[in-house]
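Asker: Dropping the structure in here first, questions after.
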Amino acid sequence: MDNLPAGPTGALIDELRTAYDAQLRGVTPPGGSARVETDGPLTRVVGWHRGFVTGPRDLGVDGQALDELIARQRDFYAARGEAVEWKTRAHDLPADLTERLVAAGFTAEDGETVLIGQSAALAADPVLPDGVVLRRVTARSDLERIAAMESAVWGEDWNWLADDLAARIENAPENTVVLVAEAGTEVVCAAWLVFKDGVDFAGLWGGSTLKEWRGRGIYRALVARRAQLAAAREVPYLYVDASADSAPILTRLGLHAVTTTTPYVWSPQSRP
């Protein structure tokens, strides 16, 4: 993010990025059978739909010690027969982390932009197209409908999502708000808001919309509603890992890009 402007805007970005690094580098246990472990500077999730690894901005190790740390995570999940995602950010240290991940057999997936905005500024009454309604859901049947919609949007099996959301709701019902936008009996968009106790941020997740319903303001309405909920709880900031499709919309709404994030994935199928 070296090309960010100087002056007040650049100072604001630096402030938001610093808060992000201080408060959001861990991972909240998804619930269910999943658990969180640590290995040196890293935090990893075990028993999820695939393994997940993250760490502080500066891992504090480099060279051979870093290679050994990477290999240990890969081999840990290999022994379980599971794929694993290592979440990286563009401003992470050491600077050659991603090169060493690739050397260890990890492959980069599509990157996203980390955006942060003020919940109070984004809060508004949702504006939805005629015939579309917004509601909060917790029932298993609704979570399965969300998973089916996500599978249709992404063209791959997202059935695991119903289990994931159900576990999160059971584990932290007050901190997990799942919303659907429906046209009749059809789920046309879904998104969720995740709070973390003791931090200044709430996470915007999901937000996928069926292709034929895009461009009608549904995604923006879900952002506005989630911002209302965050502001009501006096959580000052919202953050999101935004896709290339979502980032321009969110930037226009007033969120700020603070860095980018790229998942590096290893799977048993990628083993030589």
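By convention here, the chains of the structure tokens are called A, B, ... in the order presented, each chain's residues are numbered starting at 1, and ligands are numbered starting at 1 in the order presented.
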Give me, as JSON lines, the closest atom pair and its distance (Å, one decimal) for every residue of segment 126-195 of chain A within a cut-off of 9 Å of segment 210-214 of chain A, counting only C-alpha atoms, rows sorted by chain and rising number.
Answerer:
{"residue": "A:Met149", "atom": "CA", "partner": "A:Leu210", "partner_atom": "CA", "distance": 7.2}
{"residue": "A:Glu150", "atom": "CA", "partner": "A:Leu210", "partner_atom": "CA", "distance": 8.3}
{"residue": "A:Ala152", "atom": "CA", "partner": "A:Leu210", "partner_atom": "CA", "distance": 7.6}
{"residue": "A:Val153", "atom": "CA", "partner": "A:Leu210", "partner_atom": "CA", "distance": 5.9}
{"residue": "A:Val187", "atom": "CA", "partner": "A:Leu210", "partner_atom": "CA", "distance": 8.4}
{"residue": "A:Val188", "atom": "CA", "partner": "A:Leu210", "partner_atom": "CA", "distance": 5.4}
{"residue": "A:Cys189", "atom": "CA", "partner": "A:Leu210", "partner_atom": "CA", "distance": 6.4}
Asker: Enumerate, as a ChimeraX atom specification, the complete set of residues in segment 4-247 of chain A that a backbone-based DSSP assignment places in strand (DSSP E or B).
Answerer: /A:35-39,42-46,51-54,58,84-89,93,107-108,112-118,132-136,176-183,186-195,201-209,237-242
Asker: Select from segment 34-151 of chain A every residue with an atom at most 9 Å from any atom of segment 239-262 of chain A, then for each give the shortest pair of atoms and their distance in Å to one decimal, using only C-alpha atoms, rows by chain and rising number, as CSV.
Answerer:
residue,atom,partner,partner_atom,distance
A:Trp86,CA,A:Thr262,CA,8.5
A:Lys87,CA,A:Thr262,CA,6.2
A:Thr88,CA,A:Thr262,CA,5.4
A:Arg89,CA,A:Thr261,CA,4.3
A:Ala90,CA,A:Thr260,CA,5.4
A:His91,CA,A:Thr259,CA,7.0
A:Ala108,CA,A:Thr262,CA,6.7
A:Glu109,CA,A:Thr262,CA,6.5
A:Asp110,CA,A:Thr262,CA,6.4
A:Gly111,CA,A:Thr262,CA,4.2
A:Glu112,CA,A:Ser243,CA,5.0
A:Thr113,CA,A:Thr260,CA,4.3
A:Val114,CA,A:Asp241,CA,4.6
A:Leu115,CA,A:Ala257,CA,4.4
A:Ile116,CA,A:Tyr239,CA,4.4
A:Gly117,CA,A:Leu255,CA,4.2
A:Gln118,CA,A:Leu255,CA,7.5
A:Ala121,CA,A:Gly254,CA,8.0
A:Leu122,CA,A:Leu253,CA,7.1
Asker: Calculate how many Å separate atom CA of Ser141 of chain A from atom CA of Ala181 of chain A, rounding to one decimal.
Answerer: 15.0 Å
Asker: Residues within 9 Å of segment 21-29 of chain A, please, as a list in words. Count only C-alpha atoms; anything in the same chain fewer than 5 positions from it doesn't count.
Answerer: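 Counting only C-alpha atoms, the residues come to Leu16, Ala34, Arg35, Val36, Leu42, Thr43, Arg44, Val45, Val53, Thr54, Gly55, Pro56, Arg57, Arg168, Asn171, Lys196, Gly198, Val199, Asp200 and Phe201 of chain A.
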Asker: How about saving the chosen residues, C-alpha atoms kept, as an mmCIF file, in the first residue's frame?
Answerer:
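Written out: again.cif:
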data_model
loop_
_atom_site.group_PDB
_atom_site.id
_atom_site.type_symbol
_atom_site.label_atom_id
_atom_site.label_comp_id
_atom_site.auth_asym_id
_atom_site.auth_seq_id
_atom_site.Cartn_x
_atom_site.Cartn_y
_atom_site.Cartn_z
ATOM 1 C CA LEU A 16 -6.968 2.097 10.513
ATOM 2 C CA ALA A 34 -13.606 -26.811 15.207
ATOM 3 C CA ARG A 35 -10.926 -25.612 17.598
ATOM 4 C CA VAL A 36 -8.173 -23.024 17.600
ATOM 5 C CA LEU A 42 0.685 -18.582 14.285
ATOM 6 C CA THR A 43 -2.952 -19.301 15.033
ATOM 7 C CA ARG A 44 -4.610 -22.192 13.222
ATOM 8 C CA VAL A 45 -8.090 -23.679 13.015
ATOM 9 C CA VAL A 53 -3.601 -20.342 9.412
ATOM 10 C CA THR A 54 -3.005 -16.689 10.240
ATOM 11 C CA GLY A 55 -0.510 -14.670 12.235
ATOM 12 C CA PRO A 56 0.610 -11.191 13.314
ATOM 13 C CA ARG A 57 1.909 -8.696 10.794
ATOM 14 C CA ARG A 168 -21.214 -19.945 14.779
ATOM 15 C CA ASN A 171 -21.332 -20.805 19.743
ATOM 16 C CA LYS A 196 -15.846 -9.966 18.421
ATOM 17 C CA GLY A 198 -13.473 -6.470 23.141
ATOM 18 C CA VAL A 199 -12.595 -5.112 19.699
ATOM 19 C CA ASP A 200 -13.634 -2.000 17.771
ATOM 20 C CA PHE A 201 -14.565 -3.884 14.592
#
Asker: Provide the atom CA of Ala202 of chain A to atom CA of Tyr237 of chain A distance in Å, to one decimal place.
Answerer: 6.4 Å
Asker: Please indicate the distance in Å from atom CA of Val180 of chain A to atom CA of Arg50 of chain A, rounded to one decimal place.
Answerer: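 Atom CA of Val180 of chain A sits 25.0 Å away from atom CA of Arg50 of chain A.
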Asker: Residues within 12 Å of Val46 of chain A, please, as a PyMOL selection string. Count only C-alpha atoms; anything in the same chain fewer than 6 positions from it doesn't count.
Answerer: chain A and resi 27+29-38+52-53+73+76-77+80-85
Asker: Give me the residues near Thr138 of chain A as a PDB file with N, CA, C and O atoms, in the first residue's frame, where near means some atom within 8 Å (using only C-alpha atoms) and where sequence neighbours in that chain fewer than 5 positions away do not count.
Answerer:
ATOM      1  N   LEU A 143     -30.367 -21.709   6.711  1.00  0.00           N
ATOM      2  CA  LEU A 143     -28.924 -21.760   6.480  1.00  0.00           C
ATOM      3  C   LEU A 143     -28.601 -22.674   5.304  1.00  0.00           C
ATOM      4  O   LEU A 143     -27.676 -22.401   4.519  1.00  0.00           O
ATOM      5  N   ALA A 166     -24.306 -22.531  11.308  1.00  0.00           N
ATOM      6  CA  ALA A 166     -25.037 -23.096  12.445  1.00  0.00           C
ATOM      7  C   ALA A 166     -24.140 -23.177  13.670  1.00  0.00           C
ATOM      8  O   ALA A 166     -24.569 -22.855  14.795  1.00  0.00           O
ATOM      9  N   ILE A 169     -23.604 -19.626  15.092  1.00  0.00           N
ATOM     10  CA  ILE A 169     -24.784 -19.142  15.802  1.00  0.00           C
ATOM     11  C   ILE A 169     -24.917 -19.837  17.155  1.00  0.00           C
ATOM     12  O   ILE A 169     -25.225 -19.199  18.174  1.00  0.00           O
ATOM     13  N   VAL A 178     -27.075 -13.373  10.874  1.00  0.00           N
ATOM     14  CA  VAL A 178     -27.183 -13.840   9.490  1.00  0.00           C
ATOM     15  C   VAL A 178     -28.451 -13.257   8.882  1.00  0.00           C
ATOM     16  O   VAL A 178     -29.543 -13.410   9.439  1.00  0.00           O
TER      17      VAL A 178
END
Asker: Can you work out which one of A:Gly207, A:Gly217, A:Gly155, A:Gly47 has the shortest atom-to-atom distance to Leu179 of chain A, counting only C-alpha atoms?
Answerer: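 Of A:Gly207, A:Gly217, A:Gly155, A:Gly47, the one nearest Leu179 of chain A, counting only C-alpha atoms, is A:Gly207.
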